[in-house]
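Trainee: Below is the file work_14.pdb, which contains PDB, C-alpha atoms.
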ATOM      1  CA  MET L  23     -33.621  -7.055   4.563
ATOM      2  CA  ALA L  24     -30.323  -8.701   5.443
ATOM      3  CA  GLN L  25     -27.190  -7.274   3.898
ATOM      4  CA  ASP L  26     -24.698  -9.439   2.022
ATOM      5  CA  ASP L  27     -21.415 -10.398   3.615
ATOM      6  CA  PRO L  28     -19.140  -7.331   3.154
ATOM      7  CA  TYR L  29     -16.214  -9.482   2.012
ATOM      8  CA  SER L  30     -18.371 -11.018  -0.741
ATOM      9  CA  THR L  31     -19.725  -7.596  -1.673
ATOM     10  CA  LEU L  32     -16.202  -6.286  -2.350
ATOM     11  CA  GLY L  33     -14.996  -9.588  -3.782
ATOM     12  CA  VAL L  34     -12.130 -10.026  -1.304
ATOM     13  CA  SER L  35     -11.140 -12.765   1.094
ATOM     14  CA  ARG L  36     -11.460 -12.510   4.865
ATOM     15  CA  GLN L  37      -7.667 -12.249   5.035
ATOM     16  CA  ALA L  38      -7.581  -9.250   2.653
ATOM     17  CA  SER L  39      -5.239  -6.417   3.610
ATOM     18  CA  PRO L  40      -6.529  -2.836   4.036
ATOM     19  CA  ASP L  41      -4.884  -1.944   0.725
ATOM     20  CA  GLU L  42      -6.674  -4.803  -1.071
ATOM     21  CA  ILE L  43      -9.992  -3.689   0.432
ATOM     22  CA  ARG L  44      -9.403  -0.085  -0.648
ATOM     23  CA  LYS L  45      -8.447  -1.111  -4.213
ATOM     24  CA  ALA L  46     -11.490  -3.384  -4.530
ATOM     25  CA  PHE L  47     -13.802  -0.578  -3.425
ATOM     26  CA  ARG L  48     -12.165   1.937  -5.770
ATOM     27  CA  ALA L  49     -12.673  -0.414  -8.718
ATOM     28  CA  ILE L  50     -16.378  -0.785  -7.918
ATOM     29  CA  ALA L  51     -16.786   2.946  -7.289
ATOM     30  CA  LYS L  52     -15.223   3.850 -10.640
ATOM     31  CA  LYS L  53     -17.628   1.509 -12.436
ATOM     32  CA  HIS L  54     -20.871   1.956 -10.488
ATOM     33  CA  HIS L  55     -20.792   5.484  -8.976
ATOM     34  CA  PRO L  56     -24.239   7.174  -9.415
ATOM     35  CA  ASP L  57     -22.610  10.213 -11.050
ATOM     36  CA  LEU L  58     -21.250   7.955 -13.788
ATOM     37  CA  ASN L  59     -24.496   5.978 -14.173
ATOM     38  CA  PRO L  60     -27.388   8.463 -13.924
ATOM     39  CA  GLY L  61     -30.725   6.692 -13.626
ATOM     40  CA  ASP L  62     -29.183   3.221 -13.362
ATOM     41  CA  LYS L  63     -30.744   1.762 -10.201
ATOM     42  CA  VAL L  64     -28.749  -1.470 -10.404
ATOM     43  CA  ALA L  65     -25.447   0.436 -10.469
ATOM     44  CA  GLU L  66     -26.669   2.696  -7.655
ATOM     45  CA  GLU L  67     -27.546  -0.289  -5.424
ATOM     46  CA  ARG L  68     -24.221  -1.929  -6.231
ATOM     47  CA  PHE L  69     -22.383   1.245  -5.215
ATOM     48  CA  LYS L  70     -24.433   1.589  -2.020
ATOM     49  CA  ALA L  71     -23.633  -1.984  -0.996
ATOM     50  CA  ALA L  72     -19.935  -1.548  -1.779
ATOM     51  CA  ASN L  73     -19.799   1.720   0.141
ATOM     52  CA  ALA L  74     -21.399   0.140   3.216
ATOM     53  CA  ALA L  75     -19.018  -2.824   3.015
ATOM     54  CA  HIS L  76     -16.020  -0.521   2.684
ATOM     55  CA  ASP L  77     -17.293   1.577   5.598
ATOM     56  CA  LEU L  78     -17.247  -1.495   7.827
ATOM     57  CA  LEU L  79     -14.093  -3.277   6.632
ATOM     58  CA  SER L  80     -11.893  -0.165   6.407
ATOM     59  CA  ASP L  81     -12.449   0.502  10.112
ATOM     60  CA  PRO L  82     -10.173  -1.936  12.016
ATOM     61  CA  GLU L  83     -12.377  -1.934  15.122
ATOM     62  CA  LYS L  84     -15.606  -2.533  13.196
ATOM     63  CA  ARG L  85     -13.969  -5.224  11.094
ATOM     64  CA  ALA L  86     -12.690  -7.063  14.166
ATOM     65  CA  ARG L  87     -16.111  -6.891  15.824
ATOM     66  CA  PHE L  88     -17.804  -8.183  12.668
ATOM     67  CA  ASP L  89     -15.331 -11.053  12.390
ATOM     68  CA  ARG L  90     -16.077 -11.954  16.036
ATOM     69  CA  GLY L  91     -19.826 -11.873  15.337
ATOM     70  CA  GLU L  92     -20.481  -8.929  17.668
ATOM     71  CA  ILE L  93     -22.033  -6.758  14.912
ATOM     72  CA  ASP L  94     -23.757  -7.608  11.653
ATOM     73  CA  ALA L  95     -22.973  -6.381   8.133
ATOM     74  CA  THR L  96     -24.919  -3.166   8.764
ATOM     75  CA  GLY L  97     -22.856  -2.387  11.867
ATOM     76  CA  GLN L  98     -25.705  -3.150  14.289
ATOM     77  CA  GLU L  99     -25.113  -4.966  17.545
ATOM     78  CA  VAL L 100     -25.804  -8.698  17.491
ATOM     79  CA  PRO L 101     -27.656  -9.664  20.726
ATOM     80  CA  PRO L 102     -25.812 -12.340  22.693
ATOM     81  CA  ARG L 103     -27.463 -15.760  22.726
ATOM     82  CA  GLN L 104     -29.230 -16.509  25.995
ATOM     83  CA  TYR L 105     -29.367 -19.930  27.685
ATOM     84  CA  TRP L 106     -31.441 -21.147  30.603
ATOM     85  CA  ARG L 107     -28.214 -21.865  32.484
ATOM     86  CA  ASP L 108     -27.338 -18.148  32.288
ATOM     87  CA  TYR L 109     -30.424 -17.429  34.362
ATOM     88  CA  ALA L 110     -30.107 -20.471  36.577
ATOM     89  CA  ASP L 111     -26.551 -19.499  37.532
ATOM     90  CA  ALA L 112     -27.377 -15.830  38.032
ATOM     91  CA  PRO L 113     -27.653 -14.258  41.526
ATOM     92  CA  GLY L 114     -30.928 -15.156  43.186
ATOM     93  CA  ALA L 115     -31.323 -18.246  41.054
ATOM     94  CA  GLY L 116     -32.354 -20.431  43.969
ATOM     95  CA  ARG L 117     -35.846 -20.526  42.541
ATOM     96  CA  TYR L 118     -34.508 -22.679  39.694
ATOM     97  CA  ARG L 119     -32.643 -25.165  41.852
ATOM     98  CA  ALA L 120     -33.017 -28.919  41.401
ATOM     99  CA  GLY L 121     -35.589 -30.521  43.641
ATOM    100  CA  PRO L 122     -35.918 -34.219  44.201
ATOM    101  CA  GLY L 123     -39.578 -33.939  45.177
ATOM    102  CA  ALA L 124     -40.751 -32.472  41.921
ATOM    103  CA  GLY L 125     -40.050 -35.402  39.631
ATOM    104  CA  ALA L 126     -43.353 -37.302  39.352
ATOM    105  CA  GLU L 127     -45.540 -34.193  39.176
ATOM    106  CA  ALA L 128     -43.236 -32.429  36.726
ATOM    107  CA  HIS L 129     -43.594 -35.038  33.987
ATOM    108  CA  GLY L 130     -47.250 -34.214  33.436
ATOM    109  CA  ALA L 131     -47.152 -30.519  34.251
ATOM    110  CA  THR L 132     -48.823 -28.192  31.736
ATOM    111  CA  GLY L 133     -49.320 -24.976  33.749
ATOM    112  CA  TYR L 134     -46.795 -22.250  34.553
ATOM    113  CA  GLY L 135     -46.878 -23.304  38.170
ATOM    114  CA  GLY L 136     -45.834 -26.887  37.412
ATOM    115  CA  GLY L 137     -42.381 -28.373  37.373
ATOM    116  CA  PHE L 138     -40.135 -29.218  34.399
ATOM    117  CA  GLU L 139     -37.476 -31.754  33.603
ATOM    118  CA  HIS L 140     -34.704 -31.286  30.999
ATOM    119  CA  GLY L 141     -31.351 -33.007  30.789
ATOM    120  CA  GLY L 142     -31.708 -34.431  34.299
ATOM    121  CA  PHE L 143     -32.538 -31.042  35.843
ATOM    122  CA  GLU L 144     -35.755 -30.617  37.772
ATOM    123  CA  GLY L 145     -37.208 -27.502  39.350
ATOM    124  CA  GLN L 146     -40.134 -25.137  39.756
ATOM    125  CA  ILE L 147     -40.710 -21.928  37.709
ATOM    126  CA  ASP L 148     -42.533 -19.041  39.258
ATOM    127  CA  PRO L 149     -44.886 -17.226  36.767
ATOM    128  CA  GLU L 150     -43.374 -13.900  37.807
ATOM    129  CA  ASP L 151     -39.858 -15.226  37.162
ATOM    130  CA  LEU L 152     -40.860 -16.459  33.711
ATOM    131  CA  GLY L 153     -42.176 -13.030  32.817
ATOM    132  CA  ASP L 154     -38.924 -11.414  33.945
ATOM    133  CA  ILE L 155     -36.860 -13.853  31.885
ATOM    134  CA  PHE L 156     -38.802 -13.368  28.658
ATOM    135  CA  GLY L 157     -39.044  -9.619  29.226
ATOM    136  CA  GLN L 158     -35.262  -9.343  29.442
ATOM    137  CA  PHE L 159     -34.837 -11.634  26.440
ATOM    138  CA  PHE L 160     -37.100  -9.576  24.176
ATOM    139  CA  ARG L 161     -35.566  -6.290  25.331
ATOM    140  CA  GLN L 162     -32.169  -7.585  24.296
ATOM    141  CA  ARG L 163     -33.538  -8.834  20.998
ATOM    142  CA  GLY L 164     -34.825  -5.322  20.399
ATOM    143  CA  GLY L 165     -31.354  -3.839  20.940
ATOM    144  CA  GLU L 166     -31.961  -2.595  24.492
ATOM    145  CA  SER L 167     -29.910  -3.390  27.549
ATOM    146  CA  ALA L 168     -29.170  -1.892  30.883
ATOM    147  CA  GLY L 169     -27.688   1.542  30.438
ATOM    148  CA  SER L 170     -28.632   1.716  26.715
ATOM    149  CA  SER L 171     -30.426   5.018  27.221
ATOM    150  CA  ARG L 172     -27.184   6.935  27.702
ATOM    151  CA  PRO L 173     -26.178   9.168  24.765
ATOM    152  CA  ARG L 174     -24.092   7.451  22.130
ATOM    153  CA  LYS L 175     -22.188   9.004  19.254
ATOM    154  CA  GLY L 176     -23.318   7.922  15.804
ATOM    155  CA  GLN L 177     -21.100   5.730  13.678
ATOM    156  CA  ASP L 178     -18.640   7.315  11.259
ATOM    157  CA  SER L 179     -19.412   6.982   7.549
ATOM    158  CA  ARG L 180     -16.690   6.384   4.982
ATOM    159  CA  TYR L 181     -16.791   7.682   1.423
ATOM    160  CA  HIS L 182     -14.560   7.784  -1.652
ATOM    161  CA  LEU L 183     -14.065  10.999  -3.652
ATOM    162  CA  GLU L 184     -12.127  11.330  -6.899
ATOM    163  CA  VAL L 185     -10.581  14.780  -7.290
ATOM    164  CA  PRO L 186      -8.977  16.478 -10.337
ATOM    165  CA  PHE L 187      -5.235  17.141 -10.014
ATOM    166  CA  LEU L 188      -5.554  20.935 -10.212
ATOM    167  CA  ASP L 189      -8.088  20.955  -7.349
ATOM    168  CA  VAL L 190      -5.456  19.664  -4.918
ATOM    169  CA  VAL L 191      -2.927  22.157  -6.317
ATOM    170  CA  ASN L 192      -5.096  25.277  -6.133
ATOM    171  CA  GLY L 193      -7.792  24.211  -3.624
ATOM    172  CA  ALA L 194     -11.475  23.814  -4.485
ATOM    173  CA  THR L 195     -14.852  22.621  -3.235
ATOM    174  CA  GLN L 196     -16.148  19.298  -4.534
ATOM    175  CA  ARG L 197     -19.715  18.035  -4.175
ATOM    176  CA  LEU L 198     -19.944  14.410  -3.051
ATOM    177  CA  THR L 199     -23.070  12.434  -3.950
ATOM    178  CA  LEU L 200     -23.912  10.062  -1.097
ATOM    179  CA  PRO L 201     -25.195   6.513  -1.698
ATOM    180  CA  GLU L 202     -28.474   7.354   0.048
ATOM    181  CA  GLY L 203     -29.085  10.298  -2.291
ATOM    182  CA  GLY L 204     -27.866  13.301  -0.291
ATOM    183  CA  THR L 205     -24.821  15.452  -0.999
ATOM    184  CA  LEU L 206     -21.859  16.839   0.919
ATOM    185  CA  ASP L 207     -19.797  19.879  -0.074
ATOM    186  CA  VAL L 208     -16.190  18.904   0.589
ATOM    187  CA  ARG L 209     -13.521  21.586   0.878
ATOM    188  CA  ILE L 210     -10.289  20.435  -0.806
ATOM    189  CA  PRO L 211      -7.333  22.340   0.702
ATOM    190  CA  PRO L 212      -4.244  22.969  -1.465
ATOM    191  CA  GLY L 213      -1.615  20.284  -0.909
ATOM    192  CA  LEU L 214      -3.956  17.353  -0.225
ATOM    193  CA  GLU L 215      -2.306  14.011  -1.003
ATOM    194  CA  ASP L 216      -3.676  11.000  -2.859
ATOM    195  CA  GLY L 217      -5.110   8.506  -0.345
ATOM    196  CA  GLN L 218      -5.469  11.128   2.403
ATOM    197  CA  VAL L 219      -8.670  11.046   4.473
ATOM    198  CA  LEU L 220     -10.689  14.165   5.261
ATOM    199  CA  ARG L 221     -12.904  14.231   8.363
ATOM    200  CA  LEU L 222     -16.170  16.180   8.286
ATOM    201  CA  ARG L 223     -17.359  16.316  11.871
ATOM    202  CA  GLY L 224     -21.023  15.632  12.508
ATOM    203  CA  LYS L 225     -21.701  14.483   8.922
ATOM    204  CA  GLY L 226     -21.849  10.766   9.685
ATOM    205  CA  ARG L 227     -24.702   8.630  11.042
ATOM    206  CA  PRO L 228     -27.108  10.083  13.614
ATOM    207  CA  GLY L 229     -26.311   9.717  17.297
ATOM    208  CA  ARG L 230     -28.556   7.746  19.637
ATOM    209  CA  ASP L 231     -30.406   8.942  22.687
ATOM    210  CA  GLY L 232     -29.218  12.503  22.238
ATOM    211  CA  GLY L 233     -25.604  11.628  21.425
ATOM    212  CA  PRO L 234     -23.619  13.562  18.779
ATOM    213  CA  ASP L 235     -23.691  12.518  15.128
ATOM    214  CA  GLY L 236     -20.764  10.565  13.743
ATOM    215  CA  ASP L 237     -18.226  11.964  11.295
ATOM    216  CA  ALA L 238     -17.853  11.558   7.546
ATOM    217  CA  LEU L 239     -14.430  10.149   6.604
ATOM    218  CA  ILE L 240     -13.674  10.885   2.950
ATOM    219  CA  GLU L 241     -10.784   9.131   1.231
ATOM    220  CA  ILE L 242      -9.326  11.215  -1.597
ATOM    221  CA  ALA L 243      -8.187   9.761  -4.929
ATOM    222  CA  VAL L 244      -6.322  12.300  -7.082
ATOM    223  CA  HIS L 245      -6.489  12.003 -10.867
ATOM    224  CA  PRO L 246      -3.126  12.259 -12.665
ATOM    225  CA  HIS L 247      -2.535  15.259 -14.952
ATOM    226  CA  PRO L 248      -1.245  14.949 -18.540
ATOM    227  CA  LEU L 249       1.236  17.851 -18.117
ATOM    228  CA  TYR L 250       2.147  18.311 -14.447
ATOM    229  CA  ARG L 251       3.856  15.950 -12.003
ATOM    230  CA  ARG L 252       3.968  16.581  -8.285
ATOM    231  CA  GLN L 253       6.879  16.336  -5.822
ATOM    232  CA  GLY L 254       5.600  17.461  -2.420
ATOM    233  CA  ARG L 255       4.558  21.084  -2.863
ATOM    234  CA  ASP L 256       6.572  21.507  -6.077
ATOM    235  CA  LEU L 257       5.444  20.651  -9.593
ATOM    236  CA  GLU L 258       7.393  19.510 -12.642
ATOM    237  CA  MET L 259       6.590  19.759 -16.337
ATOM    238  CA  ASP L 260       8.309  19.227 -19.702
ATOM    239  CA  VAL L 261       8.438  22.262 -22.020
ATOM    240  CA  PRO L 262       9.187  21.734 -25.711
ATOM    241  CA  VAL L 263      11.470  24.368 -27.330
ATOM    242  CA  THR L 264      12.699  24.582 -30.899
ATOM    243  CA  PHE L 265      16.321  24.142 -31.902
ATOM    244  CA  ALA L 266      16.572  27.862 -32.562
ATOM    245  CA  GLU L 267      15.037  28.796 -29.175
ATOM    246  CA  ALA L 268      17.456  26.509 -27.365
ATOM    247  CA  ILE L 269      20.509  28.006 -29.119
ATOM    248  CA  LEU L 270      19.515  31.649 -29.268
ATOM    249  CA  GLY L 271      17.445  31.803 -26.077
ATOM    250  CA  GLY L 272      14.331  33.938 -25.691
ATOM    251  CA  ARG L 273      11.060  34.391 -23.856
ATOM    252  CA  ILE L 274       8.351  31.803 -24.346
ATOM    253  CA  ALA L 275       4.790  31.497 -22.971
ATOM    254  CA  VAL L 276       4.084  28.419 -20.819
ATOM    255  CA  PRO L 277       0.928  27.320 -18.969
ATOM    256  CA  THR L 278       0.874  26.958 -15.178
ATOM    257  CA  PRO L 279      -1.884  25.786 -12.797
ATOM    258  CA  ARG L 280      -2.789  29.437 -12.167
ATOM    259  CA  GLY L 281      -2.504  30.919 -15.630
ATOM    260  CA  GLU L 282       0.003  31.421 -18.420
ATOM    261  CA  VAL L 283       3.372  33.071 -17.672
ATOM    262  CA  THR L 284       6.497  34.010 -19.619
ATOM    263  CA  LEU L 285       9.573  31.826 -19.188
ATOM    264  CA  THR L 286      13.051  33.048 -20.124
ATOM    265  CA  VAL L 287      15.149  30.420 -21.925
ATOM    266  CA  PRO L 288      18.886  31.170 -21.603
ATOM    267  CA  PRO L 289      20.957  31.113 -24.833
ATOM    268  CA  ARG L 290      22.625  27.790 -25.687
ATOM    269  CA  SER L 291      20.309  25.795 -23.428
ATOM    270  CA  ASP L 292      20.649  22.043 -23.822
ATOM    271  CA  ALA L 293      17.897  19.446 -23.610
ATOM    272  CA  GLY L 294      17.186  18.644 -19.964
ATOM    273  CA  THR L 295      17.880  22.178 -18.745
ATOM    274  CA  ARG L 296      15.698  22.753 -15.661
ATOM    275  CA  LEU L 297      14.222  26.210 -15.064
ATOM    276  CA  ARG L 298      12.273  27.328 -11.980
ATOM    277  CA  LEU L 299       9.080  29.367 -11.827
ATOM    278  CA  ARG L 300       8.778  30.554  -8.227
ATOM    279  CA  GLY L 301       5.432  30.208  -6.462
ATOM    280  CA  ARG L 302       3.755  28.404  -9.354
ATOM    281  CA  GLY L 303       3.476  25.020  -7.634
ATOM    282  CA  VAL L 304       0.956  24.008  -4.934
ATOM    283  CA  ALA L 305      -0.791  27.137  -3.656
ATOM    284  CA  GLU L 306      -0.040  28.635  -0.244
ATOM    285  CA  HIS L 307      -2.180  27.212   2.566
ATOM    286  CA  GLY L 308      -2.140  26.899   6.356
ATOM    287  CA  GLY L 309       1.158  28.691   6.813
ATOM    288  CA  GLN L 310       2.833  26.629   4.086
ATOM    289  CA  PRO L 311       4.366  28.791   1.323
ATOM    290  CA  ALA L 312       3.493  28.172  -2.304
ATOM    291  CA  GLY L 313       5.632  25.581  -4.060
ATOM    292  CA  ASP L 314       7.616  26.120  -7.261
ATOM    293  CA  LEU L 315       7.112  24.856 -10.798
ATOM    294  CA  TYR L 316      10.169  23.349 -12.521
ATOM    295  CA  ALA L 317      10.208  23.351 -16.326
ATOM    296  CA  THR L 318      12.524  20.868 -18.036
ATOM    297  CA  LEU L 319      13.406  21.838 -21.610
ATOM    298  CA  ARG L 320      12.785  19.251 -24.318
ATOM    299  CA  ILE L 321      14.222  20.196 -27.708
ATOM    300  CA  VAL L 322      12.060  19.563 -30.766
ATOM    301  CA  LEU L 323      13.250  20.023 -34.328
ATOM    302  CA  GLY L 324      10.629  22.538 -35.361
ATOM    303  CA  PRO L 325      10.179  23.725 -38.955
ATOM    304  CA  VAL L 326      13.204  23.176 -41.214
ATOM    305  CA  ASP L 327      13.729  24.849 -44.584
ATOM    306  CA  ASP L 328      16.458  24.562 -47.208
ATOM    307  CA  ARG L 329      18.572  27.306 -45.679
ATOM    308  CA  VAL L 330      18.750  25.536 -42.306
ATOM    309  CA  GLU L 331      19.587  22.231 -43.937
ATOM    310  CA  GLU L 332      22.376  23.786 -46.045
ATOM    311  CA  PHE L 333      23.832  25.560 -43.026
ATOM    312  CA  LEU L 334      23.913  22.353 -40.985
ATOM    313  CA  ARG L 335      25.665  20.444 -43.789
ATOM    314  CA  ASP L 336      28.454  22.988 -43.835
ATOM    315  CA  TRP L 337      28.579  23.195 -40.031
ATOM    316  CA  ALA L 338      28.735  19.425 -39.539
ATOM    317  CA  LYS L 339      31.550  18.743 -42.021
ATOM    318  CA  ASP L 340      34.235  18.937 -39.378
ATOM    319  CA  ARG L 341      32.162  17.375 -36.570
ATOM    320  CA  SER L 342      31.405  13.678 -36.032
ATOM    321  CA  GLY L 343      28.744  14.092 -33.384
ATOM    322  CA  ASP L 344      30.511  11.601 -31.119
ATOM    323  CA  GLU L 345      30.775  14.182 -28.341
ATOM    324  CA  ALA L 346      27.025  13.853 -27.843
ATOM    325  CA  ARG L 347      27.478  10.163 -26.995
ATOM    326  CA  GLN L 348      30.570  10.300 -24.850
ATOM    327  CA  GLU L 349      28.550  10.035 -21.628
ATOM    328  CA  ILE L 350      26.728   6.841 -22.588
ATOM    329  CA  ARG L 351      30.046   5.291 -23.658
ATOM    330  CA  ARG L 352      31.469   6.106 -20.254
ATOM    331  CA  GLN L 353      28.472   4.549 -18.485
ATOM    332  CA  ALA L 354      28.424   1.386 -20.623
TER     333      ALA L 354
END
Could I get this file's structure written as structure tokens?

Mentor:
Amino acid sequence: MAQDDPYSTLGVSRQASPDEIRKAFRAIAKKHHPDLNPGDKVAEERFKAANAAHDLLSDPEKRARFDRGEIDATGQEVPPRQYWRDYADAPGAGRYRAGPGAGAEAHGATGYGGGFEHGGFEGQIDPEDLGDIFGQFFRQRGGESAGSSRPRKGQDSRYHLEVPFLDVVNGATQRLTLPEGGTLDVRIPPGLEDGQVLRLRGKGRPGRDGGPDGDALIEIAVHPHPLYRRQGRDLEMDVPVTFAEAILGGRIAVPTPRGEVTLTVPPRSDAGTRLRLRGRGVAEHGGQPAGDLYATLRIVLGPVDDRVEEFLRDWAKDRSGDEARQEIRRQA
């Protein structure tokens, strides 16, 4: 069964940029991925078609060959069209030369040994030659050509994998469900970036005539985290502290990607104070040291009783509070 045009499948124009193609595929994957639609055959087929289209159009070489008509939407070679002139002009084509003596007999010829006339060209066809011509034609239609028996590496397959934020911080193994129903266990190393492509050698399409299998190219999409933000191998987070904790200081418990730790808040800390937790960022990997986690203090009012309110009234009598806004006045 013929496959739809890959541009139509992804809903993009033929002039679409690689980024537009990637975004279109991601949108379809998020909506129709088999893991999100268990038992939904329509969604599964939609995802399969989108994955195949993305596989072709995200590879610049494949895309260029498709646009030139050299391969079809499945990535298979398109046999070149053959014309009688190709054979007539080929070496040894004297048997197809024009012959002035063949005209009258050729008009009524019905056998292989007779003559033919087409577009002013007259000649004789040998039965053996005709067999050679059609034999070569059908071999090419079947995907064979001279030298096709040599080993050929299988085509690479492209996939899309959405990964939780903490998996790229700590490292993990994710199972990828393939459009055709199989699975791949994908090792996520600490420090992987959003949009990065992992290569799994030998996990692509089968090779031909004894050639090696292609590779699986897996594009990673990292989910954002509600608490942590990433800057390279370091992480940042906001930590709420009460008014009393900010003034008096103390030790508070805070979560990190690898468990809860105790953070020391210095006395008289202001909002925006930035404290470092060494080695609590992206985990160590491949000779790269672990990153750090930076906690930015955010002051919250916390519980207030009558004693606190009375104290603040007395304390604020001789203070206008304008010193807190001096900086924004200067910047205005």

Trainee: Take every atom of region 93-103 of chain L listed in the file, fit an axis-aligned box around them, add 5 Å per side, and give the centre and edge lengths in Å to one decimal as JSON.

Mentor:
{"center_x": -24.8, "center_y": -9.1, "center_z": 15.4, "size_x": 15.6, "size_y": 23.4, "size_z": 24.6}

Trainee: State, in Å with one decimal place, the distance from CA of His245 (chain L) to CA of Glu184 (chain L).

Mentor: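 Going from CA of His245 (chain L) over to CA of Glu184 (chain L) covers 6.9 Å.
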
Trainee: Restricting the calculation to all atoms listed in the file: of L:Ser80, L:Thr278, L:Gln348, L:Asn192, which residue gets closest to Ala305 (chain L)?

Mentor: L:Asn192

Trainee: Could you state which residues are captured by the PyMOL selection byres ((chain L and resi 173) around 7) in this file, as an NGL selection string?

Mentor: :L and (171-172 or 174-175 or 230-233)

Trainee: How about saving the chosen residues, C-alpha atoms kept, as a PDB file, in the frame of the given file?

Mentor:
ATOM      1  CA  SER L 171     -30.426   5.018  27.221  1.00  0.00           C
ATOM      2  CA  ARG L 172     -27.184   6.935  27.702  1.00  0.00           C
ATOM      3  CA  ARG L 174     -24.092   7.451  22.130  1.00  0.00           C
ATOM      4  CA  LYS L 175     -22.188   9.004  19.254  1.00  0.00           C
ATOM      5  CA  ARG L 230     -28.556   7.746  19.637  1.00  0.00           C
ATOM      6  CA  ASP L 231     -30.406   8.942  22.687  1.00  0.00           C
ATOM      7  CA  GLY L 232     -29.218  12.503  22.238  1.00  0.00           C
ATOM      8  CA  GLY L 233     -25.604  11.628  21.425  1.00  0.00           C
TER       9      GLY L 233
END

Trainee: Of the candidates L:Gly193, L:Asp207, L:Arg223, L:Ile93, which one gets nearest to Pro279 (chain L) if we count only C-alpha atoms?

Mentor: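 Closest to Pro279 (chain L) of all the choices is L:Gly193.
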
Trainee: Which one is closest to Ala74 (chain L): L:Arg90, L:Arg255, L:Ala49, L:Leu32? Count all atoms listed in the file.

Mentor: L:Leu32

Trainee: Would you list the contacts of Glu282 (chain L) as a PyMOL selection string, taking every protein, DNA or RNA residue within 12 Å and counting all atoms listed in the file, but skipping same-chain residues closer than 5 positions in sequence?

Mentor: chain L and resi 274-277+299+302

Trainee: Do a neighbour search on Pro40 (chain L) at 12 Å with all atoms listed in the file, toss out local chain neighbours closer than 4 positions, and write the hits as a VMD selection string.

Mentor: chain L and resid 29 34 to 36 44 to 47 76 to 82 85

Trainee: Kindly resolve the PyMOL selection byres ((chain L and resi 256-271) around 9) on the present coordinates and return the residues as a PyMOL selection string.

Mentor: chain L and resi 249-255+272-274+276+286-294+301-304+312-325

Trainee: Calculate how many Å separate CA of Leu222 (chain L) from CA of Val244 (chain L), rounding to one decimal.

Mentor: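 Separation between CA of Leu222 (chain L) and CA of Val244 (chain L): 18.7 Å.
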
Trainee: Figure out the distance between CA of Leu239 (chain L) and CA of Asp94 (chain L), please, to one decimal in Å.

Mentor: 20.7 Å

Trainee: Identify all residues satisfying the PyMOL selection byres ((chain L and resi 236) around 7) in the given file; provide them as a tab-separated table (two decimals) with C-alpha atoms, keeping the file's coordinate frame.

Mentor:
chain	number	residue	atom	x	y	z
L	175	LYS	CA	-22.19	9.00	19.25
L	176	GLY	CA	-23.32	7.92	15.80
L	177	GLN	CA	-21.10	5.73	13.68
L	178	ASP	CA	-18.64	7.32	11.26
L	223	ARG	CA	-17.36	16.32	11.87
L	224	GLY	CA	-21.02	15.63	12.51
L	225	LYS	CA	-21.70	14.48	8.92
L	226	GLY	CA	-21.85	10.77	9.68
L	227	ARG	CA	-24.70	8.63	11.04
L	228	PRO	CA	-27.11	10.08	13.61
L	229	GLY	CA	-26.31	9.72	17.30
L	234	PRO	CA	-23.62	13.56	18.78
L	235	ASP	CA	-23.69	12.52	15.13
L	237	ASP	CA	-18.23	11.96	11.30
L	238	ALA	CA	-17.85	11.56	7.55

Trainee: May I ask which of the residues L:Ala65, L:Asn59, L:Gly203, L:Gln37 is the closest one to Ala86 (chain L), counting all atoms listed in the file?

Mentor: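 Smallest separation from Ala86 (chain L) among the options: L:Gln37.
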
Trainee: Can you work out which one of L:Glu241, L:Asp57, L:Glu42, L:Glu349 has the shortest atom-to-atom distance to His182 (chain L), counting all atoms listed in the file?

Mentor: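 When distances to His182 (chain L) are compared using all atoms listed in the file, the smallest one comes from L:Glu241.
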